[in-house]
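What follows is the content of final_16.txt, which has compact mmCIF, C-alpha atoms:
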```
# COMPACT_ATOMS: atom_id res chain seq x y z
CA MET A 1 5.18 -9.19 12.92
CA SER A 2 3.90 -11.68 10.36
CA ALA A 3 5.99 -12.39 7.27
CA GLY A 4 2.91 -11.56 5.21
CA ALA A 5 2.65 -7.97 6.43
CA ARG A 6 6.34 -7.38 5.93
CA GLU A 7 6.42 -8.99 2.50
CA GLU A 8 3.13 -7.97 0.96
CA GLY A 9 2.14 -4.84 2.83
CA ARG A 10 2.70 -1.20 1.92
CA GLU A 11 4.01 -0.49 5.41
CA PHE A 12 7.68 0.33 5.86
CA LEU A 13 8.95 -2.14 8.47
CA PRO A 14 12.74 -2.24 8.11
CA LYS A 15 14.38 -5.21 9.80
CA PHE A 16 17.79 -4.98 11.42
CA ASP A 17 20.04 -7.84 12.46
CA ALA A 18 21.37 -8.62 15.94
CA GLU A 19 23.87 -5.78 15.53
CA GLY A 20 21.15 -3.38 14.49
CA LEU A 21 22.24 -3.30 10.86
CA ALA A 22 20.72 -3.81 7.42
CA THR A 23 22.56 -4.17 4.09
CA CYS A 24 22.50 -1.33 1.60
CA ILE A 25 23.72 -1.63 -1.99
CA ALA A 26 24.49 1.63 -3.75
CA LEU A 27 23.97 1.66 -7.52
CA ASP A 28 24.69 4.36 -10.05
CA ALA A 29 21.28 5.81 -10.88
CA GLU A 30 22.27 6.52 -14.48
CA ARG A 31 24.24 3.40 -15.37
CA GLY A 32 22.48 1.00 -13.02
CA ASP A 33 25.63 -0.81 -11.93
CA VAL A 34 26.65 -1.61 -8.36
CA LEU A 35 29.06 0.85 -6.77
CA MET A 36 29.43 -0.47 -3.22
CA VAL A 37 27.87 -2.43 -0.39
CA ALA A 38 27.66 -1.07 3.13
CA HIS A 39 25.47 -1.14 6.23
CA MET A 40 22.81 1.10 7.68
CA ASN A 41 21.46 1.21 11.19
CA ALA A 42 18.07 2.76 11.93
CA GLU A 43 19.58 6.24 12.29
CA ALA A 44 21.50 6.05 9.00
CA LEU A 45 18.38 4.85 7.19
CA GLU A 46 16.22 7.61 8.69
CA LYS A 47 18.77 10.32 7.88
CA THR A 48 19.08 9.00 4.32
CA LEU A 49 15.33 9.21 3.77
CA ALA A 50 14.94 12.52 5.59
CA THR A 51 17.80 14.35 3.85
CA GLY A 52 18.13 12.56 0.52
CA ILE A 53 21.85 12.17 1.17
CA VAL A 54 23.00 8.60 1.79
CA HIS A 55 24.24 7.82 5.31
CA TYR A 56 25.78 4.53 6.39
CA TRP A 57 26.95 2.99 9.62
CA SER A 58 30.69 2.41 9.59
CA ARG A 59 31.43 -0.88 11.32
CA SER A 60 35.17 -0.18 11.37
CA ARG A 61 34.79 3.28 12.91
CA ASN A 62 31.62 2.43 14.83
CA ALA A 63 30.09 5.70 13.78
CA LEU A 64 27.43 7.23 11.58
CA TRP A 65 28.98 7.98 8.22
CA ARG A 66 27.64 10.48 5.72
CA LYS A 67 29.42 9.21 2.63
CA GLY A 68 31.39 11.98 0.95
CA ASP A 69 32.02 14.17 3.99
CA THR A 70 35.76 13.69 3.62
CA SER A 71 36.02 12.40 0.03
CA GLY A 72 33.48 14.68 -1.63
CA GLN A 73 31.87 11.55 -3.11
CA THR A 74 28.45 12.44 -1.73
CA GLN A 75 25.65 10.07 -2.73
CA THR A 76 22.38 11.82 -3.51
CA LEU A 77 19.47 9.43 -3.32
CA VAL A 78 17.44 9.16 -6.50
CA GLU A 79 15.42 6.09 -5.61
CA MET A 80 15.37 3.53 -2.82
CA ARG A 81 14.02 -0.01 -2.98
CA VAL A 82 13.58 -2.62 -0.26
CA ASP A 83 13.58 -6.40 -0.51
CA CYS A 84 10.94 -8.95 0.47
CA ASP A 85 11.86 -9.25 4.14
CA GLN A 86 12.87 -5.57 4.43
CA ASP A 87 16.41 -6.17 5.64
CA ALA A 88 18.23 -5.07 2.46
CA PHE A 89 18.04 -1.90 0.42
CA LEU A 90 19.01 -0.70 -3.02
CA ALA A 91 20.00 2.96 -3.12
CA PHE A 92 20.14 4.37 -6.64
CA VAL A 93 22.42 7.37 -6.30
CA ARG A 94 23.96 10.30 -8.11
CA VAL A 95 27.58 10.57 -6.98
CA GLY A 96 29.27 13.91 -6.28
CA GLY A 97 32.96 14.80 -6.34
CA ASP A 98 34.93 12.73 -8.83
CA GLY A 99 32.00 10.34 -9.29
CA GLY A 100 33.65 7.43 -7.52
CA ALA A 101 32.53 5.34 -4.57
CA CYS A 102 35.57 3.26 -3.61
CA HIS A 103 38.24 4.45 -1.20
CA THR A 104 40.89 2.83 -3.45
CA GLY A 105 40.20 5.46 -6.12
CA ARG A 106 38.01 3.36 -8.38
CA ARG A 107 34.48 4.21 -9.38
CA SER A 108 33.09 0.90 -8.06
CA CYS A 109 34.34 -1.30 -5.21
CA PHE A 110 33.76 -4.32 -7.47
CA TYR A 111 36.81 -3.82 -9.65
CA ARG A 112 38.01 -7.43 -9.70
CA ARG A 113 36.63 -10.55 -11.30
CA VAL A 114 37.02 -13.89 -9.50
CA MET A 115 38.39 -16.54 -11.86
CA ARG A 116 38.55 -20.28 -11.14
CA GLU A 117 40.75 -22.28 -13.49
CA ASN A 118 42.09 -25.76 -12.88
CA GLY A 119 41.14 -25.51 -9.24
CA GLU A 120 43.07 -22.26 -8.80
CA THR A 121 41.27 -19.06 -7.89
CA ARG A 122 42.71 -15.69 -8.80
CA LEU A 123 41.51 -12.14 -9.25
CA VAL A 124 41.58 -10.18 -12.48
CA GLU A 125 41.36 -6.41 -12.34
CA ILE A 126 38.66 -4.87 -14.51
CA GLU A 127 38.95 -1.26 -13.30
CA SER A 128 42.21 0.47 -12.48
CA PRO A 129 42.60 3.21 -9.91
CA LYS A 130 42.73 6.70 -11.34
CA ALA A 131 46.19 8.05 -12.09
CA SER A 132 45.63 10.91 -9.66
CA VAL A 133 45.30 8.57 -6.72
CA ALA A 134 47.84 5.95 -7.77
CA PRO A 135 50.95 5.78 -5.60
CA ALA A 136 53.54 8.31 -6.73
CA LEU A 137 56.69 6.89 -8.29
CA GLY A 138 60.06 7.39 -6.67
CA MET B 139 46.83 -9.69 6.38
CA SER B 140 47.52 -6.15 5.23
CA ALA B 141 44.71 -4.14 3.68
CA GLY B 142 47.00 -3.55 0.71
CA ALA B 143 47.32 -7.23 -0.21
CA ARG B 144 43.61 -7.77 0.12
CA GLU B 145 42.68 -4.64 -1.84
CA GLU B 146 45.32 -4.46 -4.53
CA GLY B 147 46.55 -8.03 -4.89
CA ARG B 148 45.50 -10.73 -7.30
CA GLU B 149 45.17 -13.23 -4.47
CA PHE B 150 41.72 -14.43 -3.51
CA LEU B 151 41.41 -13.77 0.23
CA PRO B 152 37.70 -13.79 1.05
CA LYS B 153 36.82 -12.25 4.38
CA PHE B 154 33.99 -13.52 6.53
CA ASP B 155 32.35 -11.78 9.48
CA ALA B 156 32.09 -12.99 13.08
CA GLU B 157 29.36 -15.41 11.99
CA GLY B 158 31.50 -16.74 9.15
CA LEU B 159 29.44 -15.03 6.45
CA ALA B 160 29.98 -12.71 3.49
CA THR B 161 27.33 -10.85 1.49
CA CYS B 162 26.47 -12.01 -2.02
CA ILE B 163 24.33 -10.02 -4.44
CA ALA B 164 22.84 -11.97 -7.33
CA LEU B 165 22.31 -10.03 -10.56
CA ASP B 166 20.68 -11.11 -13.79
CA ALA B 167 23.61 -11.67 -16.16
CA GLU B 168 21.61 -10.50 -19.17
CA ARG B 169 19.71 -7.54 -17.77
CA GLY B 170 22.23 -6.55 -15.09
CA ASP B 171 19.66 -5.80 -12.42
CA VAL B 172 19.75 -7.02 -8.82
CA LEU B 173 17.69 -10.13 -8.11
CA MET B 174 18.41 -10.84 -4.45
CA VAL B 175 20.86 -10.48 -1.59
CA ALA B 176 21.94 -13.43 0.53
CA HIS B 177 24.89 -14.78 2.48
CA MET B 178 27.68 -17.22 1.77
CA ASN B 179 29.93 -19.00 4.21
CA ALA B 180 33.26 -20.45 3.08
CA GLU B 181 31.65 -23.72 2.00
CA ALA B 182 28.91 -22.04 -0.04
CA LEU B 183 31.49 -19.85 -1.76
CA GLU B 184 33.74 -22.78 -2.55
CA LYS B 185 30.88 -24.90 -3.90
CA THR B 186 29.69 -21.99 -6.03
CA LEU B 187 33.11 -21.58 -7.63
CA ALA B 188 33.73 -25.32 -7.94
CA THR B 189 30.38 -26.23 -9.49
CA GLY B 190 29.28 -23.02 -11.22
CA ILE B 191 25.92 -23.31 -9.45
CA VAL B 192 25.28 -20.66 -6.80
CA HIS B 193 25.12 -21.88 -3.19
CA TYR B 194 24.20 -19.73 -0.21
CA TRP B 195 24.10 -20.16 3.53
CA SER B 196 20.55 -19.94 4.85
CA ARG B 197 20.58 -18.07 8.15
CA SER B 198 16.96 -18.98 8.86
CA ARG B 199 17.47 -22.69 8.24
CA ASN B 200 21.11 -22.70 9.37
CA ALA B 201 22.05 -24.84 6.41
CA LEU B 202 23.86 -24.82 3.11
CA TRP B 203 21.38 -23.87 0.42
CA ARG B 204 21.76 -24.64 -3.27
CA LYS B 205 19.30 -22.12 -4.64
CA GLY B 206 16.74 -23.78 -6.87
CA ASP B 207 16.82 -27.25 -5.33
CA THR B 208 13.18 -26.96 -4.34
CA SER B 209 12.02 -24.04 -6.54
CA GLY B 210 13.81 -24.94 -9.76
CA GLN B 211 15.20 -21.38 -9.82
CA THR B 212 18.79 -22.57 -10.10
CA GLN B 213 21.37 -19.81 -10.48
CA THR B 214 24.14 -20.66 -12.92
CA LEU B 215 27.17 -18.47 -12.35
CA VAL B 216 28.26 -16.46 -15.38
CA GLU B 217 30.68 -14.12 -13.64
CA MET B 218 31.70 -13.35 -10.08
CA ARG B 219 33.22 -10.13 -8.76
CA VAL B 220 34.60 -9.27 -5.35
CA ASP B 221 34.81 -5.90 -3.63
CA CYS B 222 37.81 -4.00 -2.26
CA ASP B 223 37.98 -5.70 1.14
CA GLN B 224 36.81 -9.06 -0.23
CA ASP B 225 33.80 -9.45 2.05
CA ALA B 226 31.10 -8.91 -0.59
CA PHE B 227 30.45 -10.57 -3.94
CA LEU B 228 28.47 -9.92 -7.07
CA ALA B 229 27.21 -13.09 -8.75
CA PHE B 230 26.00 -12.50 -12.30
CA VAL B 231 23.67 -15.42 -12.91
CA ARG B 232 21.44 -17.13 -15.44
CA VAL B 233 18.29 -18.23 -13.66
CA GLY B 234 16.61 -21.58 -14.31
CA GLY B 235 13.00 -22.59 -13.80
CA ASP B 236 10.55 -19.71 -14.22
CA GLY B 237 13.42 -17.21 -14.20
CA GLY B 238 12.57 -15.73 -10.82
CA ALA B 239 14.61 -15.38 -7.65
CA CYS B 240 12.14 -14.34 -4.96
CA HIS B 241 10.14 -16.78 -2.85
CA THR B 242 7.11 -14.44 -3.15
CA GLY B 243 6.82 -15.28 -6.84
CA ARG B 244 8.47 -12.15 -8.19
CA ARG B 245 11.50 -12.09 -10.43
CA SER B 246 13.46 -9.83 -8.07
CA CYS B 247 13.24 -9.50 -4.28
CA PHE B 248 13.39 -5.71 -4.73
CA TYR B 249 9.82 -5.27 -5.91
CA ARG B 250 8.94 -2.23 -3.77
CA ARG B 251 10.07 1.36 -3.88
CA VAL B 252 10.46 3.27 -0.60
CA MET B 253 8.71 6.65 -0.79
CA ARG B 254 9.04 9.46 1.76
CA GLU B 255 6.44 12.21 1.48
CA ASN B 256 5.58 14.79 4.13
CA GLY B 257 7.50 12.77 6.69
CA GLU B 258 5.52 9.62 5.94
CA THR B 259 7.26 6.54 4.54
CA ARG B 260 5.35 4.02 2.47
CA LEU B 261 6.09 1.31 -0.05
CA VAL B 262 4.98 1.28 -3.66
CA GLU B 263 4.93 -2.00 -5.53
CA ILE B 264 6.79 -2.02 -8.83
CA GLU B 265 6.57 -5.76 -9.59
CA SER B 266 3.51 -7.91 -8.90
CA PRO B 267 3.65 -11.61 -8.08
CA LYS B 268 2.82 -13.90 -10.97
CA ALA B 269 -0.83 -14.91 -11.30
CA SER B 270 0.12 -18.55 -10.86
CA VAL B 271 1.45 -17.99 -7.37
CA ALA B 272 -1.03 -15.36 -6.22
CA PRO B 273 -3.41 -16.49 -3.46
CA ALA B 274 -6.45 -18.28 -4.87
CA LEU B 275 -9.75 -16.43 -4.57
CA GLY B 276 -12.59 -17.81 -2.48
```
In structure tokens, what does this structure look like?
Amino acid sequence: MSAGAREEGREFLPKFDAEGLATCIALDAERGDVLMVAHMNAEALEKTLATGIVHYWSRSRNALWRKGDTSGQTQTLVEMRVDCDQDAFLAFVRVGGDGGACHTGRRSCFYRRVMRENGETRLVEIESPKASVAPALG
Amino acid sequence: MSAGAREEGREFLPKFDAEGLATCIALDAERGDVLMVAHMNAEALEKTLATGIVHYWSRSRNALWRKGDTSGQTQTLVEMRVDCDQDAFLAFVRVGGDGGACHTGRRSCFYRRVMRENGETRLVEIESPKASVAPALG
């Protein structure tokens, strides 16, 4: 496989790493912002394209994962893009359920800013978890 | 390390995979769209935060890579975010040089849409390479 064909061709030639995985970034199709980053193996990618519902490969559970099956936060594919070497994907999605993507209860997994000041690095929260999923008091 | 501290704390606890890498997504700080996806090891991450210039780890060259050193497409960090389990980063950047990020001459590496029709998958180009870097005729 020449780099030229993969980079400039119209042929879909997804590339997976040594573990059989590619990176997929889910973005909100309306707002355009990043919701989460996860992995797809060949089966997850094929099922995503065939069904229009985003599937990932869960590295922690070592299993195919149709996002939303337990949370209701189904991701319906609106548009998919692939990068130059075809080992990373952007999935523009419409989110079901409460509209969130993060298991912590936030809309996006990227809810903290990394700040470096005077050589110290700390995180600053920019999105709080929803009240409904916050730990109960008492 | 408990998941709670990593997910809900204010402490910066970046997590690297078995190869010592984390995923970094570079976005245009003005337009907000995704330019490229690459990897950072601990050194690249530290240099990025310390200098404000984005560094990656090149898996193909097996070397630290200050983006733009050869292309002029330096990425100046405007804001960095981290995800829930601290193994993926968003780098909002201002791009130097010609403003592009992709080695093919496009602004973004995600210049092709993946289309599935009647069971066939093909790519549709949505950003052409610049004339100046297109192959010469004849």
Using all atoms listed in the file, which residues sit within 12 Å of Gly235 in chain B once same-chain residues fewer than 5 positions away are excluded, as number ranges by chain?
-> B: 205-214, 243, 245
Fewer than 2 positions away in the same chain doesn't count, so skip those; otherwise give me all residues within 8 Å of Ser108 in chain A, counting all atoms listed in the file, as a PDB file with C-alpha atoms, in the frame of the given file.
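File produced: around_13.pdb:
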```
ATOM      1  CA  VAL A  34      26.650  -1.610  -8.360  1.00  0.00           C
ATOM      2  CA  LEU A  35      29.060   0.850  -6.770  1.00  0.00           C
ATOM      3  CA  MET A  36      29.430  -0.470  -3.220  1.00  0.00           C
ATOM      4  CA  GLY A 100      33.650   7.430  -7.520  1.00  0.00           C
ATOM      5  CA  ALA A 101      32.530   5.340  -4.570  1.00  0.00           C
ATOM      6  CA  CYS A 102      35.570   3.260  -3.610  1.00  0.00           C
ATOM      7  CA  ARG A 106      38.010   3.360  -8.380  1.00  0.00           C
ATOM      8  CA  PHE A 110      33.760  -4.320  -7.470  1.00  0.00           C
ATOM      9  CA  TYR A 111      36.810  -3.820  -9.650  1.00  0.00           C
TER      10      TYR A 111
END
```
May I ask you to extract the residues of chain A within 8 Å of chain B, using only C-alpha atoms, and to give them as JSON, numbers by chain?
-> {"A": [7, 9, 10, 11, 12, 32, 33, 36, 37, 49, 50, 79, 80, 81, 82, 83, 84, 88, 89, 90, 102, 104, 109, 110, 111, 112, 113, 114, 115, 116, 119, 121, 122, 123, 124, 125]}
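The gap separating CA of Glu181 in chain B from CA of Ala141 in chain B is 23.6 Å, in Å to one decimal.
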So how far away is CA of His177 in chain B from CA of Ser196 in chain B, in Å?
-> 7.1 Å
